[in-house]
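Participant: I have a structure I would like to understand better, so I am pasting it below and will then ask my questions one at a time.
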Amino acid sequence: MQDLSWLQIALKSGLAFAPVWIALIATFFLSIRYRRRLGLYGKLFDSFVGQIGFAVVMFWIFTAIFADLIITHDPLVQLSGMKNKLPGTALATAAEGVYPWYLLGGDNLARDVFSRMVMGAREVLKIAPAATVFAFMVGITLGLPAGYFAGKFDTFLSFIANLVLAFPVILLFYLLVTPEIIETGIPTYFAAALFLFPVIFFTVLFNARFHILPARRNLYVGLTLIIGLWAWAGLAFNKDPTGLFSMSPNMLNVFVSVVFVNSPGVFRIVRGLTMDIKARDYVAAGQTRGEGPWYIMLWEILPNARGPLIVDFCLRIGYTTILLGTLGFFGLGVSPESPDWGSTIDDGRRLLAIFPHAALVPAIALMSLVLGLNLLADGLREESLKD
Amino acid sequence: MFAFVLRRTGVMFLTVLALTFIVFWLTNLPPNLEKLAKSEASVRMSDAEVASWLDRNGYGTPTLHRYGQWLGVVPGWTREEEGRFTGRCITGTVATLDDIPARCGLLQGQWGFSTVFKQPVADVIKRALSMTSWLMLWVMIVMVPTALTLGVLSGMREGSWTDRILSGFAIVTTATPEYVSGVIFIVVFASATVGISPVLAEMGWIEGKTLFQGTATSAMDRITFWNFALPVMTIALYGIGYIARMTRASMTEVMSQQYIRTARLKGVSFSQVVMKHALRNALIAPFTVIMLQFPWLLNGVVIVETLFNYKGFGWTLVQAAGNNDIPLLLGCSVVAVVLVLITQLISDIGYVFLNPRIRLS
């Protein structure tokens, strides 16, 4: 087999991403067709910037979903003679049925850079959005009452939030994401506390709305409690009898730390928005009607704060991606074999001046994902302001 | 005003106490101490030997008590063995405790002894900080004027092509963390095989093999444009985008105010309006943002110093954390936390001073 030229590399890589292109085209076709019925999501397609951002983000999401179809080699397997080979190099000893090139070259352990980059998308997108959702749950559940009731409760929570925010993130990671910490069981306690918030959030949410209809209330709250506590036991304590919800101790540690670092920021935003919206007339009207404080917070204030929160959510996923990359870059909390982008950049930087491709490929991948999220947030901000 | 500053300072001290205690607790967890014992004495110690080593070296007391000793408010531990004394404030052994100070902690200026560098922690940190302050100085010199200029230029005429291009640039830089931009910079500017350096070298435009140097180790002796440009650029770039976006937002808001329109309608030229009426009001918000960037700059410093092998504060922090050097890590944390909190305080007070609309009761 011949080595590939740059044009051939581009074509072959494009071909490898075929499932992603198909899914992307289908998504765009359907979304643009029905955009008038899709609310804020549909309006996103009126903004050029938003469309580009959405396309980039969806590209990586589909890449993560179809990663098994896209990869050309096993991301962990080392092939002899392929160490530090340039992009487009043909395999030294090609066996039957094996993809005959390393599309984006080989790294310093002779693994396929292209496949590692694709698998890295899955590693990142497995954690970043979920961690951001949990951070939002914590931030909203604490930020709403802090902003609404103010007083001592607010002072106390704000002090704690500022405490966490004053910590340089890297220092916090170096303290929290270590094998020694896992030994002490602190991540488990952290997880137990943090993972409880979604359960509390949904319980209060349904209870506030349906407490006048006991039958429906009992159904919703009961379901929330059963599923929530089941997942809680599985994720935090690894005690799920069916094994549906579980997390390896390393992953739990990384996850909890990222949620912990992000929550105070969300808390501050939600608190600020609540204080602002609290002064509006419709809140006063609700209070006059005799609505309970939790109903006002969760069903009057929160929906009206959704615009800035959605924008912040997009930005924060990007920020979380950067944080995960930072963790990988310092080799914290990930297995040394892991194809995630941060640790791949760290691996590649040792030979950066001579063989740049091993570090450059994941670096550009990470940058494009974060850029896509930022553009998406910009588009959403633009469109939600038009309301 | 005075009461406000006083209250803020009080809260700051409380925060420092809380944060240092958290760091102390996290670094002094039993597994960390066990690791310390094994690395200081012998790797093959049994659990009982580890426990006795820890007890002999003053780690047996409760965490809060040890925190007090480290802080210097509780008398340091002492121990008598066969008529000789060892203790926190004693190097080696002494026969009597008479001329030994009772307390030796942070407040007395005793920061402990680094186990990695085999030097007093205070010396290590002092040297590292002097290195990093040069880096930060140049970052500030590059970052602040660039960011403010970009922000003002793009916010001056919202929606113009200048605005769009500059805003696009700002978004790209905020999406590029230091470990990505650093890698790209090294590949493009500091590699002898790829990027623009080989081209330039072939054309004879640059003397050496590369346009810039990929490591900043030599900058520790003498800072030159050649060895210091890339680290400074890497840190500055991330901040530039963020500050520029804030400045732009603040500038567009000011430009849509009534008094700007009035000034324009009176016939004042556009440049005069921007310079005399808009600029000062538009720069209040970015000021606080620049100050609040410090925690992030600290992050950038840690990444860049690791990437470019510049042995400053960030590099020291990584060494301390990676090698379980508890006293040094504690020292670094104190410095980092105090630095961040002081900048927050300055930002708060500065905001009040700059913005006459805020009244403190």
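By convention in this document, the chains of the structure tokens carry letters A, B, ... by their order, each chain's residues are numbered from 1, and ligands are numbered from 1 in the order they are shown.
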What are the residues of chain A that have an atom within 7 Å of an atom of chain B, counting only C-alpha atoms, as a PyMOL selection string?
Facilitator: chain A and resi 163+166-170+174-175+180+322+352-354+356+360+363+367+370-371+374
Participant: When you look at region 105-115 of chain A with a cut-off of 7 Å (counting only C-alpha atoms), what residues show up, excluding the ones that are within fewer than 6 positions of it in the same chain? I need them as a list of chain:residue names.
Facilitator: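 The residues that qualify are A:Ile71, A:Thr72, A:His73, A:Asp74, A:Pro75, A:Leu76, A:Val77, A:Gln78, A:Leu79, A:Ser80, A:Met82, A:Lys83, A:Asn84, A:Lys85, A:Leu86, A:Pro87, A:Gly88, A:Thr89, A:Ala358.
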Participant: Find the spatial neighbours of Phe202 (chain A), counting only C-alpha atoms, within a cut-off of 10 Å - ignore same-chain residues fewer than 5 positions away - and output them as a list in words.
Facilitator: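 Selected residues are Met137, Thr141, Phe197, Asn207, Ala208, Tyr220, Val221, Thr224, Leu225, Gly228 and Leu298 of chain A.
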Participant: Write to file, as a compact mmCIF listing (two decimals), in the first residue's frame, the residues of the selection just made, with N, CA, C and O atoms.
Facilitator:
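What landed in again39.txt:
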# COMPACT_ATOMS: atom_id res chain seq x y z
N MET A 137 -28.44 21.16 38.53
CA MET A 137 -29.41 20.70 39.53
C MET A 137 -29.02 21.26 40.90
O MET A 137 -29.87 21.80 41.62
N THR A 141 -31.28 24.12 42.71
CA THR A 141 -31.95 23.75 43.95
C THR A 141 -31.51 24.65 45.11
O THR A 141 -32.31 24.94 46.01
N PHE A 197 -29.29 16.01 44.99
CA PHE A 197 -29.97 17.23 44.58
C PHE A 197 -30.99 17.04 43.45
O PHE A 197 -32.07 17.61 43.53
N ASN A 207 -44.16 18.12 43.71
CA ASN A 207 -44.99 18.33 44.88
C ASN A 207 -45.59 19.73 44.88
O ASN A 207 -46.76 19.92 45.18
N ALA A 208 -44.79 20.72 44.49
CA ALA A 208 -45.28 22.09 44.49
C ALA A 208 -46.44 22.25 43.51
O ALA A 208 -47.40 22.97 43.78
N TYR A 220 -46.31 10.95 40.60
CA TYR A 220 -45.08 11.59 40.11
C TYR A 220 -43.97 11.54 41.16
O TYR A 220 -42.83 11.17 40.88
N VAL A 221 -44.33 11.95 42.39
CA VAL A 221 -43.31 11.99 43.44
C VAL A 221 -42.81 10.58 43.74
O VAL A 221 -41.60 10.36 43.90
N THR A 224 -40.46 9.57 40.96
CA THR A 224 -39.19 10.29 41.12
C THR A 224 -38.35 9.66 42.22
O THR A 224 -37.15 9.42 42.05
N LEU A 225 -39.01 9.39 43.35
CA LEU A 225 -38.25 8.87 44.49
C LEU A 225 -37.69 7.48 44.17
O LEU A 225 -36.53 7.19 44.47
N GLY A 228 -35.09 7.91 41.29
CA GLY A 228 -34.01 8.76 41.77
C GLY A 228 -33.15 8.08 42.80
O GLY A 228 -31.92 8.06 42.70
N LEU A 298 -40.32 27.48 41.47
CA LEU A 298 -40.06 26.45 40.46
C LEU A 298 -40.94 26.58 39.23
O LEU A 298 -40.55 26.17 38.14
Participant: Region 15-152 of chain B: which residues are helix (DSSP H, G or I) by DSSP, as a ChimeraX atom specification?
Facilitator: /B:15-27,30-40,47-56,63-71,106-108,121-152
Participant: If you measure from CA of Asp281 (chain A) to CA of Arg268 (chain A), what distance in Å do you get, rounded to one decimal?
Facilitator: 23.0 Å
Participant: Fewer than 2 positions away in the same chain doesn't count, so skip those; otherwise give me all residues within 8 Å of Leu230 (chain B), counting only C-alpha atoms, as a CSV table (one decimal) with C-alpha atoms, in the first residue's frame.
Facilitator:
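Listing of part.csv after writing:
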chain,number,residue,atom,x,y,z
B,182,GLY,CA,0.4,26.5,23.7
B,185,PHE,CA,2.0,27.9,19.1
B,186,ILE,CA,4.9,25.5,19.6
B,212,PHE,CA,10.7,31.4,18.9
B,213,GLN,CA,11.9,28.9,21.5
B,214,GLY,CA,9.6,26.1,22.6
B,227,ASN,CA,12.3,32.6,24.7
B,228,PHE,CA,9.4,34.4,26.4
B,232,VAL,CA,3.2,35.1,27.5
B,233,MET,CA,1.1,34.9,24.4
B,234,THR,CA,-0.4,31.6,25.4
Participant: Which residue is closest to Gln257 (chain B)? Choose from B:Leu150, B:Val304, B:Ile206, B:Ala278 and count only C-alpha atoms.
Facilitator: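 Closest to Gln257 (chain B), using only C-alpha atoms: B:Ala278.
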Participant: Which residues come within 12 Å of region 267-274 of chain B, counting only C-alpha atoms, excluding same-chain residues fewer than 6 positions away, as a PDB file with C-alpha atoms, in the first residue's frame?
Facilitator:
ATOM      1  CA  VAL B 152     -13.699  49.194  22.466  1.00  0.00           C
ATOM      2  CA  LEU B 153     -13.140  48.926  18.715  1.00  0.00           C
ATOM      3  CA  GLY B 155     -18.251  47.808  20.704  1.00  0.00           C
ATOM      4  CA  MET B 156     -17.911  51.244  19.145  1.00  0.00           C
ATOM      5  CA  ARG B 157     -20.041  50.379  16.122  1.00  0.00           C
ATOM      6  CA  MET B 251     -19.142  49.620  25.332  1.00  0.00           C
ATOM      7  CA  THR B 252     -22.262  48.778  23.283  1.00  0.00           C
ATOM      8  CA  VAL B 254     -22.784  52.851  26.879  1.00  0.00           C
ATOM      9  CA  MET B 255     -22.986  53.744  23.185  1.00  0.00           C
ATOM     10  CA  SER B 256     -26.766  53.246  23.231  1.00  0.00           C
ATOM     11  CA  GLN B 257     -27.227  55.664  26.150  1.00  0.00           C
ATOM     12  CA  TYR B 259     -26.177  61.143  26.633  1.00  0.00           C
ATOM     13  CA  ILE B 260     -24.173  59.686  23.755  1.00  0.00           C
ATOM     14  CA  ARG B 261     -27.023  60.411  21.373  1.00  0.00           C
ATOM     15  CA  ARG B 280     -14.497  56.102  30.901  1.00  0.00           C
ATOM     16  CA  ASN B 281     -17.964  54.752  31.567  1.00  0.00           C
ATOM     17  CA  ALA B 282     -17.346  51.697  29.435  1.00  0.00           C
ATOM     18  CA  LEU B 283     -14.183  50.711  31.278  1.00  0.00           C
TER      19      LEU B 283
END
Participant: When you look at Phe149 (chain A) with a cut-off of 12 Å (counting only C-alpha atoms), what residues show up, excluding the ones that are within fewer than 2 positions of it in the same chain? I need them as a ChimeraX atom specification.
Facilitator: /A:142-147,151-155,157,271,274-275,278,293-294,296-297
Participant: I want to know what sits within 10 Å of Ala64 (chain A), based on only C-alpha atoms, with residues of the same chain fewer than 2 positions away left out; could you give that as a PyMOL selection string?
Facilitator: chain A and resi 20+58-62+66-68+70+118-126
Participant: Quick one: pick out all strand (DSSP E) residues within region 42-166 of chain A from a backbone DSSP run and write them as number ranges by chain.
Facilitator: A: 89-90, 101-102
Participant: Please produce a file of the residues just selected, as a short mmCIF file (atom, residue, chain, number, x, y, z; two decimals), in the first residue's frame, where the atoms kept are C-alpha atoms.
Facilitator:
data_model
loop_
_atom_site.label_atom_id
_atom_site.label_comp_id
_atom_site.auth_asym_id
_atom_site.auth_seq_id
_atom_site.Cartn_x
_atom_site.Cartn_y
_atom_site.Cartn_z
CA THR A 89 1.23 6.29 6.40
CA ALA A 90 0.39 2.83 5.15
CA TRP A 101 -3.53 3.22 6.74
CA TYR A 102 -3.06 5.32 9.83
#
Participant: For CA of Val121 (chain B) and CA of Asn28 (chain B), quote the distance in Å rounded to one decimal.
Facilitator: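 For CA of Val121 (chain B) relative to CA of Asn28 (chain B), the distance reads 17.0 Å.
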